[in-house]
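*Asks:* Got a structure for you, written out below as structure tokens; questions coming shortly.
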Amino acid sequence: MTQDWPGLVAKLEQLLKLRTIPFAMKLFERRADMEAIEKIRRPQSVHTLDQIVGQASRLGWTVGITADDLVGAQCRAVVGLGGAKTDEWLSGKHMSGVWFKTDDDARAHQTAMNCVPDGQYEALAVAPLGSGRLDPPDIALFYATPGAMIYFINGLQWTGFKRFDWSVVGESACADSWGRALTRREPSLSIPCFAERRYGGVLDDEMLMAAPPDYLVKAIEGMNALSKNGFRYPFPQYGVQQDVRAGMAVSYPSRS
């Protein structure tokens with residue numbers, strides 16, 4: 001393997017106290033290459049991509065799909081399967097009056113989504129990251145609480161500081177996570193949408209991070225450094241009425 005995937009996952013789970021399985025996603029130009037993956041499962045029913053992701057992150061399954069396994073163009077378009085980005089899809093009419101008041105609002109939403117271009121890929125697979133079955137994956141993903149997410153981001157910023165600017169398209173928020181990470185090749189944080197929560201099993205307090213795997217390695221190195229400075233997750237509560245100086249002195253001795 002190009003990476004010690006079980007070891008990386010163990011470190012991530014230990015640092016962030018994750019409740020679900022970190023997972024991987026990989027696109028394939030040929031369906032046959034996806035179907036050749038060890039222990040691959042193929043859906044027997046039509047699903048949303050949120051459900052396929054949930055099967056990997058909640059059940060630990062390795063699942064492969066083509067456009068025909070997905071319920072409609074919205075799911076297919078985000079990952080570039082099935083030539084879904086037609087003029088009809090771009091019009092957003094299927095969302096007008098449902099998620100947006102006007103046709104113009106719906107069209108603007110479709111245009112704002114981060115989507116893999118059509119025409120290059122025939123299939124996609126998701127699997128637990130620690131299994132190494134998608135070695136190397138295009139992106140790694142994990143669900144976590146807001147507190148765990150900011151700690152992960154702090155780890156990313158330990159060296160080579162960068163301000164992260166993320167977007168929120170609302171419904172179809174998978175475009176903010178795996179759609180954005182697959183296309184921009186950078187960490188992408190999202191607030192999962194209604195469909196992810198209703199069909200994908202995402203819990204009310206969970207956010208989703210998607211990134212090329214190298215960013216996980218960088219964040220773990222940063223979180224380990226922060227841990228040595230006394231910053232660890234979950235964050236211990238200090239108390240809203242305590243004299244703050246004693247607590248601040250632990251982290252910033254010069255301010256005691």
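Residues are named by chain letter and number: chains run A, B, ... in the order of the structure tokens, numbers start at 1 in each chain, and ligands are numbered from 1 in the order shown.
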Please provide as a list in words all residues within 7 Å of Val71 in chain A, with the sequence filter that same-chain residues fewer than 4 positions apart are discarded (counting only C-alpha atoms).

*Replies:*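 Contacts, with the query itself left out: Val46, His47 and Thr48 of chain A.
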
*Asks:* For range 220-224 of chain A, work out the shell of residues within 7 Å, counting only C-alpha atoms and skipping chain neighbours fewer than 4 positions away, then give it as JSON, numbers by chain.

*Replies:* {"A": [12, 152, 155, 156, 158, 216, 228]}

*Asks:* Store the residues picked out above in a file with N, CA and C atoms, as an mmCIF file, in the first residue's frame.

*Replies:*
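Here's the written file out_33.cif:
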```cif
data_model
loop_
_atom_site.group_PDB
_atom_site.id
_atom_site.type_symbol
_atom_site.label_atom_id
_atom_site.label_comp_id
_atom_site.auth_asym_id
_atom_site.auth_seq_id
_atom_site.Cartn_x
_atom_site.Cartn_y
_atom_site.Cartn_z
ATOM 1 N N LEU A 12 -6.382 9.015 13.490
ATOM 2 C CA LEU A 12 -7.466 9.972 13.310
ATOM 3 C C LEU A 12 -8.591 9.714 14.299
ATOM 4 N N PHE A 152 -9.287 19.468 13.852
ATOM 5 C CA PHE A 152 -8.655 18.964 12.622
ATOM 6 C C PHE A 152 -8.118 20.129 11.793
ATOM 7 N N GLY A 155 -5.059 21.515 13.201
ATOM 8 C CA GLY A 155 -3.934 20.656 12.847
ATOM 9 C C GLY A 155 -3.414 20.953 11.453
ATOM 10 N N LEU A 156 -4.326 21.188 10.498
ATOM 11 C CA LEU A 156 -3.914 21.544 9.145
ATOM 12 C C LEU A 156 -3.137 22.859 9.119
ATOM 13 N N TRP A 158 -1.197 24.123 11.513
ATOM 14 C CA TRP A 158 -0.009 24.157 12.365
ATOM 15 C C TRP A 158 1.225 24.604 11.582
ATOM 16 N N LEU A 216 -4.829 14.509 5.452
ATOM 17 C CA LEU A 216 -5.047 13.831 6.725
ATOM 18 C C LEU A 216 -3.729 13.622 7.456
ATOM 19 N N LYS A 228 0.778 18.199 22.388
ATOM 20 C CA LYS A 228 1.916 18.419 23.281
ATOM 21 C C LYS A 228 1.852 19.785 23.956
#
```

*Asks:* Pick out the residues sitting within 12 Å of Pro117 in chain A, and hand them over as a JSON list (two decimals) with N, CA, C and O atoms, in the first residue's frame; count only C-alpha atoms, and ignore anything fewer than 4 positions along from it in its own chain.

*Replies:*
```json
[["chain", "number", "residue", "atom", "x", "y", "z"],
["A", 27, "LEU", "N", -12.94, 7.39, -8.17],
["A", 27, "LEU", "CA", -13.60, 7.34, -9.46],
["A", 27, "LEU", "C", -12.82, 6.44, -10.41],
["A", 27, "LEU", "O", -11.59, 6.38, -10.35],
["A", 76, "ARG", "N", -25.86, 11.89, -9.73],
["A", 76, "ARG", "CA", -24.90, 11.56, -10.79],
["A", 76, "ARG", "C", -24.03, 12.76, -11.16],
["A", 76, "ARG", "O", -22.83, 12.63, -11.40],
["A", 77, "ALA", "N", -24.65, 13.92, -11.21],
["A", 77, "ALA", "CA", -23.94, 15.11, -11.68],
["A", 77, "ALA", "C", -22.76, 15.47, -10.78],
["A", 77, "ALA", "O", -21.70, 15.89, -11.28],
["A", 78, "VAL", "N", -22.92, 15.33, -9.47],
["A", 78, "VAL", "CA", -21.87, 15.75, -8.54],
["A", 78, "VAL", "C", -20.59, 14.97, -8.76],
["A", 78, "VAL", "O", -19.49, 15.52, -8.66],
["A", 79, "VAL", "N", -20.70, 13.69, -9.12],
["A", 79, "VAL", "CA", -19.50, 12.86, -9.31],
["A", 79, "VAL", "C", -19.22, 12.56, -10.78],
["A", 79, "VAL", "O", -18.39, 11.71, -11.10],
["A", 80, "GLY", "N", -19.92, 13.23, -11.68],
["A", 80, "GLY", "CA", -19.60, 13.15, -13.10],
["A", 80, "GLY", "C", -20.00, 11.86, -13.78],
["A", 80, "GLY", "O", -19.40, 11.49, -14.80],
["A", 81, "LEU", "N", -21.02, 11.18, -13.29],
["A", 81, "LEU", "CA", -21.44, 9.92, -13.90],
["A", 81, "LEU", "C", -22.67, 10.12, -14.78],
["A", 81, "LEU", "O", -23.56, 10.93, -14.48],
["A", 82, "GLY", "N", -22.73, 9.36, -15.86],
["A", 82, "GLY", "CA", -23.95, 9.27, -16.65],
["A", 82, "GLY", "C", -24.30, 10.46, -17.52],
["A", 82, "GLY", "O", -25.44, 10.56, -17.99],
["A", 83, "GLY", "N", -23.39, 11.38, -17.74],
["A", 83, "GLY", "CA", -23.72, 12.54, -18.57],
["A", 83, "GLY", "C", -24.92, 13.28, -18.05],
["A", 83, "GLY", "O", -25.79, 13.72, -18.82],
["A", 84, "ALA", "N", -24.96, 13.49, -16.72],
["A", 84, "ALA", "CA", -26.17, 14.01, -16.08],
["A", 84, "ALA", "C", -26.37, 15.51, -16.25],
["A", 84, "ALA", "O", -27.49, 16.01, -16.11],
["A", 85, "LYS", "N", -25.32, 16.23, -16.55],
["A", 85, "LYS", "CA", -25.42, 17.70, -16.56],
["A", 85, "LYS", "C", -25.98, 18.21, -17.90],
["A", 85, "LYS", "O", -25.30, 18.91, -18.67],
["A", 86, "THR", "N", -27.21, 17.87, -18.15],
["A", 86, "THR", "CA", -27.91, 18.31, -19.35],
["A", 86, "THR", "C", -28.48, 19.71, -19.13],
["A", 86, "THR", "O", -28.45, 20.25, -18.02],
["A", 113, "MET", "N", -22.95, 24.68, -7.83],
["A", 113, "MET", "CA", -22.46, 23.41, -7.29],
["A", 113, "MET", "C", -21.08, 23.05, -7.84],
["A", 113, "MET", "O", -20.79, 23.29, -9.01],
["A", 121, "TYR", "N", -15.58, 9.39, -16.40],
["A", 121, "TYR", "CA", -15.68, 8.25, -15.49],
["A", 121, "TYR", "C", -16.95, 7.45, -15.71],
["A", 121, "TYR", "O", -18.01, 8.00, -15.99],
["A", 122, "GLU", "N", -16.82, 6.12, -15.54],
["A", 122, "GLU", "CA", -17.96, 5.22, -15.66],
["A", 122, "GLU", "C", -18.45, 4.72, -14.31],
["A", 122, "GLU", "O", -19.58, 4.24, -14.21],
["A", 179, "GLY", "N", -17.90, 16.61, -3.87],
["A", 179, "GLY", "CA", -17.83, 17.27, -5.16],
["A", 179, "GLY", "C", -16.68, 18.27, -5.22],
["A", 179, "GLY", "O", -15.90, 18.30, -6.18],
["A", 180, "ARG", "N", -16.54, 19.07, -4.19],
["A", 180, "ARG", "CA", -15.48, 20.08, -4.15],
["A", 180, "ARG", "C", -14.10, 19.45, -4.00],
["A", 180, "ARG", "O", -13.14, 19.87, -4.65],
["A", 182, "LEU", "N", -13.13, 16.42, -4.85],
["A", 182, "LEU", "CA", -12.75, 15.69, -6.06],
["A", 182, "LEU", "C", -12.31, 16.63, -7.18],
["A", 182, "LEU", "O", -11.42, 16.29, -7.97],
["A", 183, "THR", "N", -12.91, 17.80, -7.26],
["A", 183, "THR", "CA", -12.59, 18.71, -8.35],
["A", 183, "THR", "C", -11.44, 19.66, -8.01],
["A", 183, "THR", "O", -10.58, 19.93, -8.85],
["A", 184, "ARG", "N", -11.40, 20.15, -6.78],
["A", 184, "ARG", "CA", -10.38, 21.15, -6.41],
["A", 184, "ARG", "C", -9.15, 20.53, -5.75],
["A", 184, "ARG", "O", -8.14, 21.21, -5.58]]
```

*Asks:* Can you list, as a PyMOL selection string, every residue of range 39-163 of chain A that DSSP puts in strand (DSSP E)?

*Replies:* chain A and resi 63-65+123-128+139-144

*Asks:* Keeping only N, CA and C atoms, write those residues as a short mmCIF file (atom, residue, chain, number, x, y, z; two decimals), in the first residue's frame.

*Replies:*
```
data_model
loop_
_atom_site.label_atom_id
_atom_site.label_comp_id
_atom_site.auth_asym_id
_atom_site.auth_seq_id
_atom_site.Cartn_x
_atom_site.Cartn_y
_atom_site.Cartn_z
N VAL A 63 -18.52 -0.50 -1.55
CA VAL A 63 -19.63 -0.48 -2.50
C VAL A 63 -19.20 0.22 -3.78
N GLY A 64 -19.57 -0.35 -4.91
CA GLY A 64 -19.28 0.25 -6.20
C GLY A 64 -20.55 0.55 -6.96
N ILE A 65 -20.57 1.66 -7.65
CA ILE A 65 -21.78 2.08 -8.36
C ILE A 65 -21.45 2.60 -9.75
N ALA A 123 -17.61 4.80 -13.27
CA ALA A 123 -17.98 4.17 -12.01
C ALA A 123 -17.29 4.87 -10.85
N LEU A 124 -17.79 4.57 -9.67
CA LEU A 124 -17.25 5.12 -8.43
C LEU A 124 -17.34 4.05 -7.35
N ALA A 125 -16.39 4.06 -6.43
CA ALA A 125 -16.42 3.13 -5.29
C ALA A 125 -16.17 3.89 -4.01
N VAL A 126 -16.80 3.42 -2.94
CA VAL A 126 -16.53 3.92 -1.59
C VAL A 126 -16.19 2.72 -0.72
N ALA A 127 -15.32 2.93 0.25
CA ALA A 127 -14.89 1.85 1.13
C ALA A 127 -14.32 2.44 2.41
N PRO A 128 -14.31 1.68 3.50
CA PRO A 128 -13.60 2.15 4.70
C PRO A 128 -12.15 2.48 4.34
N ILE A 139 -10.06 10.68 -2.64
CA ILE A 139 -10.25 11.50 -1.45
C ILE A 139 -10.59 10.61 -0.26
N ALA A 140 -10.30 11.12 0.93
CA ALA A 140 -10.70 10.49 2.18
C ALA A 140 -11.73 11.39 2.86
N LEU A 141 -12.67 10.79 3.56
CA LEU A 141 -13.75 11.55 4.17
C LEU A 141 -14.04 11.03 5.57
N PHE A 142 -14.55 11.91 6.43
CA PHE A 142 -15.02 11.46 7.74
C PHE A 142 -16.05 12.44 8.28
N TYR A 143 -16.98 11.89 9.05
CA TYR A 143 -17.97 12.69 9.77
C TYR A 143 -17.47 12.95 11.18
N ALA A 144 -17.73 14.15 11.69
CA ALA A 144 -17.31 14.48 13.04
C ALA A 144 -18.12 15.66 13.55
#
```

*Asks:* Would you kindly return, as a PyMOL selection string, each protein, DNA or RNA residue with an atom no farther than 8 Å from any atom of range 232-234 of chain A, considering only C-alpha atoms and excluding same-chain residues fewer than 6 positions away?

*Replies:* chain A and resi 15-17+147-148+151+223+226

*Asks:* Write the residues of the preceding selection, restricted to N, CA, C and O atoms, as a short mmCIF file (atom, residue, chain, number, x, y, z; two decimals), in the first residue's frame.

*Replies:*
```
data_model
loop_
_atom_site.label_atom_id
_atom_site.label_comp_id
_atom_site.auth_asym_id
_atom_site.auth_seq_id
_atom_site.Cartn_x
_atom_site.Cartn_y
_atom_site.Cartn_z
N LEU A 15 -7.45 10.80 17.88
CA LEU A 15 -7.35 12.24 18.08
C LEU A 15 -8.71 12.93 18.08
O LEU A 15 -8.92 13.90 18.82
N LEU A 16 -9.64 12.45 17.24
CA LEU A 16 -10.92 13.13 17.06
C LEU A 16 -12.09 12.41 17.70
O LEU A 16 -13.22 12.89 17.65
N LYS A 17 -11.85 11.24 18.29
CA LYS A 17 -12.91 10.45 18.94
C LYS A 17 -14.09 10.23 17.99
O LYS A 17 -15.26 10.46 18.32
N GLY A 147 -16.73 20.50 17.03
CA GLY A 147 -15.52 20.62 17.85
C GLY A 147 -14.37 19.83 17.28
O GLY A 147 -13.22 20.31 17.23
N ALA A 148 -14.62 18.61 16.83
CA ALA A 148 -13.57 17.79 16.22
C ALA A 148 -13.10 18.40 14.91
O ALA A 148 -11.90 18.36 14.58
N TYR A 151 -10.67 21.26 15.48
CA TYR A 151 -9.38 20.74 15.93
C TYR A 151 -8.59 20.17 14.74
O TYR A 151 -7.38 20.38 14.61
N MET A 223 -2.04 18.01 14.79
CA MET A 223 -2.78 17.74 16.03
C MET A 223 -1.88 17.12 17.09
O MET A 223 -2.04 17.39 18.30
N LEU A 226 -0.12 20.02 18.60
CA LEU A 226 -1.03 20.77 19.47
C LEU A 226 -1.28 20.03 20.77
O LEU A 226 -1.40 20.65 21.84
#
```

*Asks:* Can you tell me how far CA of Ser172 in chain A sits from CA of Ala32 in chain A, in Å to one decimal?

*Replies:*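 Spanning CA of Ser172 in chain A to CA of Ala32 in chain A is a straight-line distance of 28.4 Å.
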
*Asks:* Would you mind writing down, as a PyMOL selection string, each residue of range 40-182 of chain A that DSSP on the backbone assigns to helix (DSSP H, G or I)?

*Replies:* chain A and resi 49-59+67-69+73-78+87-91+103-112+129-131+146-156+173-175+178-182

*Asks:* Pick out the closest residue to Glu196 in chain A from this set: A:Gln51, A:Asn229, A:Thr20, A:Gln74. Count only C-alpha atoms.

*Replies:*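 So, comparing all the options, the nearest one is A:Gln51.
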
*Asks:* Nearest to Glu206 in chain A among A:Pro6, A:Pro137, A:Pro146, A:Gly239, with distances taken over only C-alpha atoms: which residue is it?

*Replies:*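 Using only C-alpha atoms, the shortest distance to Glu206 in chain A belongs to A:Pro146.
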
*Asks:* For the atom pair CA of Met209 in chain A and CA of Phe100 in chain A, what is the interatomic distance in Å to one decimal place?

*Replies:*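 Result for CA of Met209 in chain A versus CA of Phe100 in chain A: 26.1 Å, one decimal.
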